[in-house]
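A.B. asks: model-v4.txt is reproduced below (compact mmCIF, N, CA and C atoms).
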# COMPACT_ATOMS: atom_id res chain seq x y z
N MET A 115 -89.44 36.18 -39.53
CA MET A 115 -88.75 34.91 -39.42
C MET A 115 -89.59 33.96 -38.59
N CYS A 116 -89.58 32.75 -38.96
CA CYS A 116 -90.37 31.72 -38.29
C CYS A 116 -89.60 31.15 -37.11
N ALA A 117 -90.16 31.19 -35.94
CA ALA A 117 -89.49 30.68 -34.75
C ALA A 117 -89.91 29.25 -34.42
N ASP A 118 -90.95 28.76 -35.03
CA ASP A 118 -91.48 27.44 -34.72
C ASP A 118 -91.11 26.46 -35.82
N ILE A 119 -90.55 25.31 -35.43
CA ILE A 119 -90.14 24.30 -36.41
C ILE A 119 -91.30 23.80 -37.24
N LEU A 120 -92.49 23.81 -36.68
CA LEU A 120 -93.64 23.26 -37.38
C LEU A 120 -94.33 24.27 -38.29
N CYS A 121 -93.65 25.36 -38.60
CA CYS A 121 -94.22 26.37 -39.52
C CYS A 121 -94.46 25.76 -40.89
N ALA A 122 -95.37 26.36 -41.62
CA ALA A 122 -95.60 25.93 -42.99
C ALA A 122 -94.34 26.19 -43.81
N MET A 123 -94.04 25.30 -44.72
CA MET A 123 -92.84 25.46 -45.52
C MET A 123 -93.06 24.92 -46.92
N ASN A 124 -92.22 25.34 -47.80
CA ASN A 124 -92.23 24.86 -49.17
C ASN A 124 -91.12 23.82 -49.31
N GLN A 125 -91.50 22.56 -49.43
CA GLN A 125 -90.53 21.47 -49.49
C GLN A 125 -89.48 21.67 -50.58
N SER A 126 -89.83 22.32 -51.67
CA SER A 126 -88.89 22.48 -52.77
C SER A 126 -87.74 23.42 -52.41
N GLU A 127 -87.88 24.20 -51.35
CA GLU A 127 -86.84 25.13 -50.94
C GLU A 127 -85.85 24.53 -49.95
N ILE A 128 -86.03 23.29 -49.58
CA ILE A 128 -85.18 22.66 -48.58
C ILE A 128 -84.04 21.92 -49.27
N PRO A 129 -82.78 22.31 -49.00
CA PRO A 129 -81.65 21.59 -49.58
C PRO A 129 -81.68 20.14 -49.12
N GLU A 130 -81.37 19.23 -50.02
CA GLU A 130 -81.45 17.81 -49.70
C GLU A 130 -80.29 17.07 -50.35
N VAL A 131 -79.84 16.02 -49.70
CA VAL A 131 -78.76 15.19 -50.23
C VAL A 131 -79.13 13.73 -50.03
N VAL A 132 -78.76 12.90 -50.98
CA VAL A 132 -78.96 11.46 -50.82
C VAL A 132 -77.82 10.92 -49.96
N VAL A 133 -78.08 9.84 -49.27
CA VAL A 133 -77.12 9.25 -48.35
C VAL A 133 -75.78 8.98 -49.02
N THR A 134 -75.81 8.49 -50.23
CA THR A 134 -74.57 8.14 -50.92
C THR A 134 -73.72 9.36 -51.29
N ALA A 135 -74.29 10.55 -51.19
CA ALA A 135 -73.54 11.76 -51.52
C ALA A 135 -73.10 12.54 -50.27
N LEU A 136 -73.35 11.98 -49.08
CA LEU A 136 -72.91 12.65 -47.86
C LEU A 136 -71.39 12.66 -47.80
N PRO A 137 -70.79 13.79 -47.47
CA PRO A 137 -69.34 13.83 -47.31
C PRO A 137 -68.90 12.91 -46.17
N ALA A 138 -67.71 12.36 -46.27
CA ALA A 138 -67.20 11.44 -45.24
C ALA A 138 -67.13 12.10 -43.87
N ASP A 139 -66.88 13.40 -43.83
CA ASP A 139 -66.76 14.11 -42.56
C ASP A 139 -68.03 14.90 -42.22
N ALA A 140 -69.15 14.49 -42.74
CA ALA A 140 -70.41 15.21 -42.53
C ALA A 140 -70.76 15.29 -41.05
N TYR A 141 -71.25 16.46 -40.64
CA TYR A 141 -71.78 16.65 -39.30
C TYR A 141 -73.27 16.33 -39.38
N VAL A 142 -73.65 15.15 -38.88
CA VAL A 142 -75.03 14.67 -39.00
C VAL A 142 -75.75 14.82 -37.66
N ILE A 143 -76.90 15.46 -37.71
CA ILE A 143 -77.76 15.60 -36.54
C ILE A 143 -78.95 14.66 -36.73
N ASP A 144 -79.16 13.78 -35.77
CA ASP A 144 -80.31 12.86 -35.80
C ASP A 144 -81.39 13.47 -34.92
N VAL A 145 -82.52 13.83 -35.52
CA VAL A 145 -83.58 14.54 -34.80
C VAL A 145 -84.72 13.63 -34.34
N ARG A 146 -84.50 12.32 -34.39
CA ARG A 146 -85.55 11.41 -33.92
C ARG A 146 -85.60 11.43 -32.40
N GLU A 147 -86.58 10.77 -31.84
CA GLU A 147 -86.74 10.73 -30.39
C GLU A 147 -85.89 9.60 -29.80
N ALA A 148 -85.77 9.60 -28.47
CA ALA A 148 -84.85 8.70 -27.77
C ALA A 148 -85.05 7.23 -28.10
N ASP A 149 -86.28 6.78 -28.18
CA ASP A 149 -86.52 5.36 -28.47
C ASP A 149 -86.06 5.00 -29.88
N GLU A 150 -86.22 5.92 -30.82
CA GLU A 150 -85.77 5.68 -32.19
C GLU A 150 -84.25 5.66 -32.26
N TRP A 151 -83.63 6.61 -31.57
CA TRP A 151 -82.16 6.68 -31.51
C TRP A 151 -81.60 5.38 -30.93
N ALA A 152 -82.19 4.91 -29.82
CA ALA A 152 -81.72 3.70 -29.16
C ALA A 152 -81.85 2.47 -30.05
N ALA A 153 -82.84 2.47 -30.93
CA ALA A 153 -83.06 1.33 -31.82
C ALA A 153 -81.98 1.22 -32.90
N GLY A 154 -81.29 2.32 -33.18
CA GLY A 154 -80.23 2.31 -34.17
C GLY A 154 -80.03 3.65 -34.82
N HIS A 155 -78.76 4.07 -34.95
CA HIS A 155 -78.43 5.37 -35.53
C HIS A 155 -77.09 5.30 -36.24
N ALA A 156 -76.82 6.31 -37.02
CA ALA A 156 -75.53 6.42 -37.70
C ALA A 156 -74.45 6.59 -36.63
N PRO A 157 -73.31 5.92 -36.76
CA PRO A 157 -72.28 5.92 -35.71
C PRO A 157 -71.80 7.30 -35.27
N ASP A 158 -71.62 8.22 -36.17
CA ASP A 158 -71.08 9.53 -35.80
C ASP A 158 -72.14 10.62 -35.69
N ALA A 159 -73.40 10.24 -35.75
CA ALA A 159 -74.48 11.24 -35.67
C ALA A 159 -74.55 11.84 -34.27
N VAL A 160 -75.03 13.07 -34.21
CA VAL A 160 -75.26 13.77 -32.95
C VAL A 160 -76.74 13.67 -32.65
N PHE A 161 -77.07 13.20 -31.46
CA PHE A 161 -78.47 13.04 -31.06
C PHE A 161 -79.01 14.37 -30.55
N LEU A 162 -79.98 14.91 -31.27
CA LEU A 162 -80.61 16.19 -30.91
C LEU A 162 -82.07 16.12 -31.36
N PRO A 163 -82.94 15.58 -30.52
CA PRO A 163 -84.34 15.38 -30.90
C PRO A 163 -85.01 16.66 -31.40
N MET A 164 -85.89 16.50 -32.37
CA MET A 164 -86.63 17.63 -32.92
C MET A 164 -87.30 18.44 -31.82
N SER A 165 -87.82 17.76 -30.82
CA SER A 165 -88.54 18.44 -29.74
C SER A 165 -87.62 19.32 -28.89
N GLN A 166 -86.31 19.18 -29.05
CA GLN A 166 -85.36 19.95 -28.25
C GLN A 166 -84.55 20.95 -29.07
N ILE A 167 -84.73 20.97 -30.37
CA ILE A 167 -83.89 21.80 -31.25
C ILE A 167 -83.91 23.27 -30.84
N THR A 168 -85.08 23.84 -30.64
CA THR A 168 -85.14 25.28 -30.37
C THR A 168 -84.41 25.65 -29.07
N GLY A 169 -84.45 24.78 -28.08
CA GLY A 169 -83.79 25.06 -26.81
C GLY A 169 -82.30 24.74 -26.81
N ARG A 170 -81.85 23.97 -27.80
CA ARG A 170 -80.45 23.55 -27.84
C ARG A 170 -79.75 24.00 -29.11
N VAL A 171 -80.33 24.97 -29.81
CA VAL A 171 -79.78 25.41 -31.09
C VAL A 171 -78.34 25.91 -30.97
N ALA A 172 -77.97 26.41 -29.80
CA ALA A 172 -76.60 26.91 -29.60
C ALA A 172 -75.56 25.79 -29.69
N GLU A 173 -75.98 24.54 -29.57
CA GLU A 173 -75.07 23.41 -29.66
C GLU A 173 -74.72 23.04 -31.11
N ILE A 174 -75.44 23.61 -32.05
CA ILE A 174 -75.25 23.26 -33.46
C ILE A 174 -74.20 24.18 -34.07
N PRO A 175 -73.18 23.62 -34.72
CA PRO A 175 -72.15 24.47 -35.30
C PRO A 175 -72.71 25.33 -36.43
N ASN A 176 -72.30 26.59 -36.45
CA ASN A 176 -72.78 27.48 -37.52
C ASN A 176 -71.66 27.84 -38.48
N ASP A 177 -70.55 27.12 -38.38
CA ASP A 177 -69.41 27.38 -39.26
C ASP A 177 -69.20 26.28 -40.29
N ARG A 178 -70.18 25.39 -40.40
CA ARG A 178 -70.10 24.31 -41.38
C ARG A 178 -71.50 23.81 -41.73
N THR A 179 -71.60 23.07 -42.79
CA THR A 179 -72.88 22.49 -43.17
C THR A 179 -73.26 21.40 -42.18
N VAL A 180 -74.52 21.40 -41.77
CA VAL A 180 -75.04 20.34 -40.92
C VAL A 180 -76.06 19.55 -41.73
N TYR A 181 -76.01 18.25 -41.59
CA TYR A 181 -76.91 17.35 -42.31
C TYR A 181 -77.89 16.79 -41.30
N VAL A 182 -79.17 16.92 -41.59
CA VAL A 182 -80.22 16.58 -40.63
C VAL A 182 -80.92 15.30 -41.07
N MET A 183 -81.01 14.34 -40.13
CA MET A 183 -81.57 13.02 -40.44
C MET A 183 -82.67 12.67 -39.45
N CYS A 184 -83.67 11.96 -39.93
CA CYS A 184 -84.70 11.40 -39.06
C CYS A 184 -84.97 9.97 -39.54
N HIS A 185 -86.17 9.49 -39.38
CA HIS A 185 -86.51 8.13 -39.80
C HIS A 185 -86.61 8.02 -41.32
N SER A 186 -87.39 8.92 -41.91
CA SER A 186 -87.63 8.82 -43.36
C SER A 186 -87.34 10.10 -44.14
N GLY A 187 -87.09 11.19 -43.44
CA GLY A 187 -86.78 12.45 -44.11
C GLY A 187 -87.79 13.55 -43.93
N ALA A 188 -88.93 13.27 -43.32
CA ALA A 188 -89.97 14.29 -43.17
C ALA A 188 -89.65 15.27 -42.03
N ARG A 189 -89.40 14.74 -40.84
CA ARG A 189 -89.08 15.62 -39.71
C ARG A 189 -87.77 16.35 -39.95
N SER A 190 -86.80 15.66 -40.50
CA SER A 190 -85.51 16.31 -40.74
C SER A 190 -85.64 17.43 -41.76
N ALA A 191 -86.56 17.31 -42.70
CA ALA A 191 -86.81 18.40 -43.66
C ALA A 191 -87.32 19.63 -42.93
N GLN A 192 -88.23 19.43 -41.98
CA GLN A 192 -88.75 20.55 -41.20
C GLN A 192 -87.64 21.22 -40.40
N VAL A 193 -86.81 20.40 -39.77
CA VAL A 193 -85.73 20.95 -38.95
C VAL A 193 -84.71 21.66 -39.83
N ALA A 194 -84.34 21.06 -40.95
CA ALA A 194 -83.38 21.70 -41.86
C ALA A 194 -83.91 23.05 -42.34
N GLN A 195 -85.17 23.11 -42.70
CA GLN A 195 -85.77 24.37 -43.13
C GLN A 195 -85.70 25.41 -42.02
N TRP A 196 -86.07 25.01 -40.81
CA TRP A 196 -86.05 25.94 -39.68
C TRP A 196 -84.62 26.43 -39.41
N LEU A 197 -83.66 25.50 -39.43
CA LEU A 197 -82.27 25.89 -39.19
C LEU A 197 -81.79 26.87 -40.25
N ASN A 198 -82.15 26.63 -41.50
CA ASN A 198 -81.77 27.56 -42.57
C ASN A 198 -82.37 28.95 -42.33
N LEU A 199 -83.59 29.00 -41.85
CA LEU A 199 -84.23 30.28 -41.53
C LEU A 199 -83.52 30.99 -40.38
N GLN A 200 -82.82 30.23 -39.54
CA GLN A 200 -82.07 30.80 -38.43
C GLN A 200 -80.65 31.19 -38.83
N GLY A 201 -80.29 30.94 -40.09
CA GLY A 201 -78.98 31.33 -40.58
C GLY A 201 -77.96 30.20 -40.68
N PHE A 202 -78.37 28.98 -40.40
CA PHE A 202 -77.48 27.83 -40.54
C PHE A 202 -77.44 27.36 -41.98
N ASP A 203 -76.44 26.59 -42.31
CA ASP A 203 -76.35 25.90 -43.59
C ASP A 203 -76.75 24.46 -43.32
N ALA A 204 -78.03 24.15 -43.45
CA ALA A 204 -78.56 22.84 -43.09
C ALA A 204 -79.13 22.15 -44.33
N VAL A 205 -78.88 20.85 -44.39
CA VAL A 205 -79.30 20.03 -45.53
C VAL A 205 -80.04 18.80 -45.00
N ASN A 206 -81.18 18.50 -45.59
CA ASN A 206 -81.95 17.32 -45.23
C ASN A 206 -81.31 16.08 -45.84
N VAL A 207 -81.24 15.01 -45.06
CA VAL A 207 -80.76 13.72 -45.58
C VAL A 207 -81.98 12.96 -46.09
N ALA A 208 -82.09 12.86 -47.40
CA ALA A 208 -83.25 12.22 -48.04
C ALA A 208 -83.37 10.76 -47.59
N GLY A 209 -84.56 10.39 -47.18
CA GLY A 209 -84.83 9.00 -46.82
C GLY A 209 -84.43 8.63 -45.41
N GLY A 210 -83.74 9.51 -44.70
CA GLY A 210 -83.39 9.30 -43.30
C GLY A 210 -82.61 8.02 -43.03
N ILE A 211 -82.80 7.50 -41.82
CA ILE A 211 -82.07 6.30 -41.39
C ILE A 211 -82.49 5.09 -42.23
N LEU A 212 -83.70 5.13 -42.78
CA LEU A 212 -84.11 4.02 -43.66
C LEU A 212 -83.22 3.96 -44.89
N ALA A 213 -82.94 5.11 -45.49
CA ALA A 213 -82.05 5.15 -46.66
C ALA A 213 -80.62 4.85 -46.24
N TRP A 214 -80.22 5.35 -45.08
CA TRP A 214 -78.87 5.10 -44.57
C TRP A 214 -78.63 3.59 -44.47
N ALA A 215 -79.49 2.90 -43.74
CA ALA A 215 -79.34 1.45 -43.57
C ALA A 215 -79.54 0.71 -44.88
N GLY A 216 -80.48 1.18 -45.69
CA GLY A 216 -80.75 0.55 -46.98
C GLY A 216 -79.59 0.63 -47.96
N ASN A 217 -78.69 1.58 -47.72
CA ASN A 217 -77.50 1.71 -48.56
C ASN A 217 -76.29 1.03 -47.93
N GLY A 218 -76.54 0.20 -46.92
CA GLY A 218 -75.46 -0.57 -46.31
C GLY A 218 -74.57 0.20 -45.37
N ARG A 219 -74.99 1.40 -44.99
CA ARG A 219 -74.19 2.18 -44.04
C ARG A 219 -74.35 1.56 -42.64
N PRO A 220 -73.32 1.68 -41.81
CA PRO A 220 -73.41 1.06 -40.47
C PRO A 220 -74.45 1.74 -39.58
N VAL A 221 -75.08 0.94 -38.76
CA VAL A 221 -76.06 1.42 -37.78
C VAL A 221 -75.66 0.84 -36.43
N VAL A 222 -75.58 1.69 -35.42
CA VAL A 222 -75.25 1.24 -34.08
C VAL A 222 -76.44 1.48 -33.15
N ALA A 223 -76.55 0.64 -32.13
CA ALA A 223 -77.65 0.79 -31.17
C ALA A 223 -77.07 1.09 -29.80
Write out the structure in this file as structure tokens.

C.D. replies:
Amino acid sequence: MCADILCAMNQSEIPEVVVTALPADAYVIDVREADEWAAGHAPDAVFLPMSQITGRVAEIPNDRTVYVMCHSGARSAQVAQWLNLQGFDAVNVAGGILAWAGNGRPVVA
């Protein structure tokens, strides 16, 4: 099992969802860094930077699907893959906050 988020991965194996298909009650984890979060994020997202995921993994619910978001979808894909390897049900949010805002979803700072 891979313990490092930056492990090599096969992008085609990462579950992904488009912003418009996110469930209304989705548990969204925003894995961007503090300055990115402060610039604007989804209102109900949980701030958990990629650099802190391994040390704070116990904070992530393992009884429901978690949707992972970043700026454009690259970092969140890595985190979603790693979480799935740890036994979570994690899905990458395609296009990240750019797609979120681009689809007219609210952004708070």

A.B. asks: Please build the interface table for segment 161-221 of chain A against segment 124-138 of chain A with a cut-off of 6.5 Å, listing for each qualifying residue the nearest atom pair and the distance in Å to one decimal; count all atoms listed in the file, order rows by chain and increasing number, and write it as a tab-separated table.

C.D. replies:
residue	atom	partner	partner_atom	distance
A:Ala194	C	A:Ile128	CA	6.4
A:Gln195	CA	A:Ile128	CA	5.7
A:Ala204	C	A:Pro129	C	5.8
A:Val205	CA	A:Pro129	C	4.3
A:Asn206	N	A:Pro129	C	3.9
A:Val207	CA	A:Val131	C	4.7
A:Ala208	N	A:Val131	C	4.1
A:Ala213	C	A:Val133	CA	6.0
A:Trp214	CA	A:Val133	CA	5.9

A.B. asks: Can you check which residues of chain A DSSP gives as strand (DSSP E or B) on the backbone and send them as a count of residues only?

C.D. replies: 18

A.B. asks: Which protein, DNA or RNA residues have an atom at most 6.5 Å from (-74.5, -0.6, -34.8), counting all atoms listed in the file? List them as an MDAnalysis selection string.

C.D. replies: chainID A and resid 154:155 220:223

A.B. asks: Counting only N, CA and C atoms, figure out which residue out of A:Ile174, A:Ala156, A:Met164, A:Ala215 gets nearest to Arg189 of chain A.

C.D. replies: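 Result for the nearest residue to Arg189 of chain A: A:Met164.
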
A.B. asks: Could you work out how far atom C of Leu162 of chain A lies from atom C of Ser190 of chain A, giving the answer in Å with one decimal?

C.D. replies: 11.1 Å

A.B. asks: Between atom CA of Asn217 of chain A and atom CA of Leu197 of chain A, what distance in Å does the model show, to one decimal?

C.D. replies: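 Atom-to-atom, atom CA of Asn217 of chain A and atom CA of Leu197 of chain A are spaced 26.4 Å apart.
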
A.B. asks: List as number ranges by chain the protein and nucleic acid residues near Gly210 of chain A, meaning an atom at most 6 Å away when only C-alpha atoms are counted, but skip any in the same chain fewer than 3 places from it.

C.D. replies: A: 183-187, 207, 213

A.B. asks: As number ranges by chain, list the residues of chain A assigned to helix (DSSP H, G or I) by DSSP on the backbone atoms of this structure.

C.D. replies: A: 125-127, 133-135, 148-153, 164-173, 188-199, 210-216

A.B. asks: Using atom N of Ala191 of chain A and atom N of Gly209 of chain A as the two end points, give the distance in Å to one decimal.

C.D. replies: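 Pair atom N of Ala191 of chain A / atom N of Gly209 of chain A returns 8.5 Å.
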
A.B. asks: Go through A:Asp139, A:Pro157, A:Val145, A:Glu150 and flag the residue nearest Val182 of chain A, using only N, CA and C atoms for the distances.

C.D. replies: A:Val145
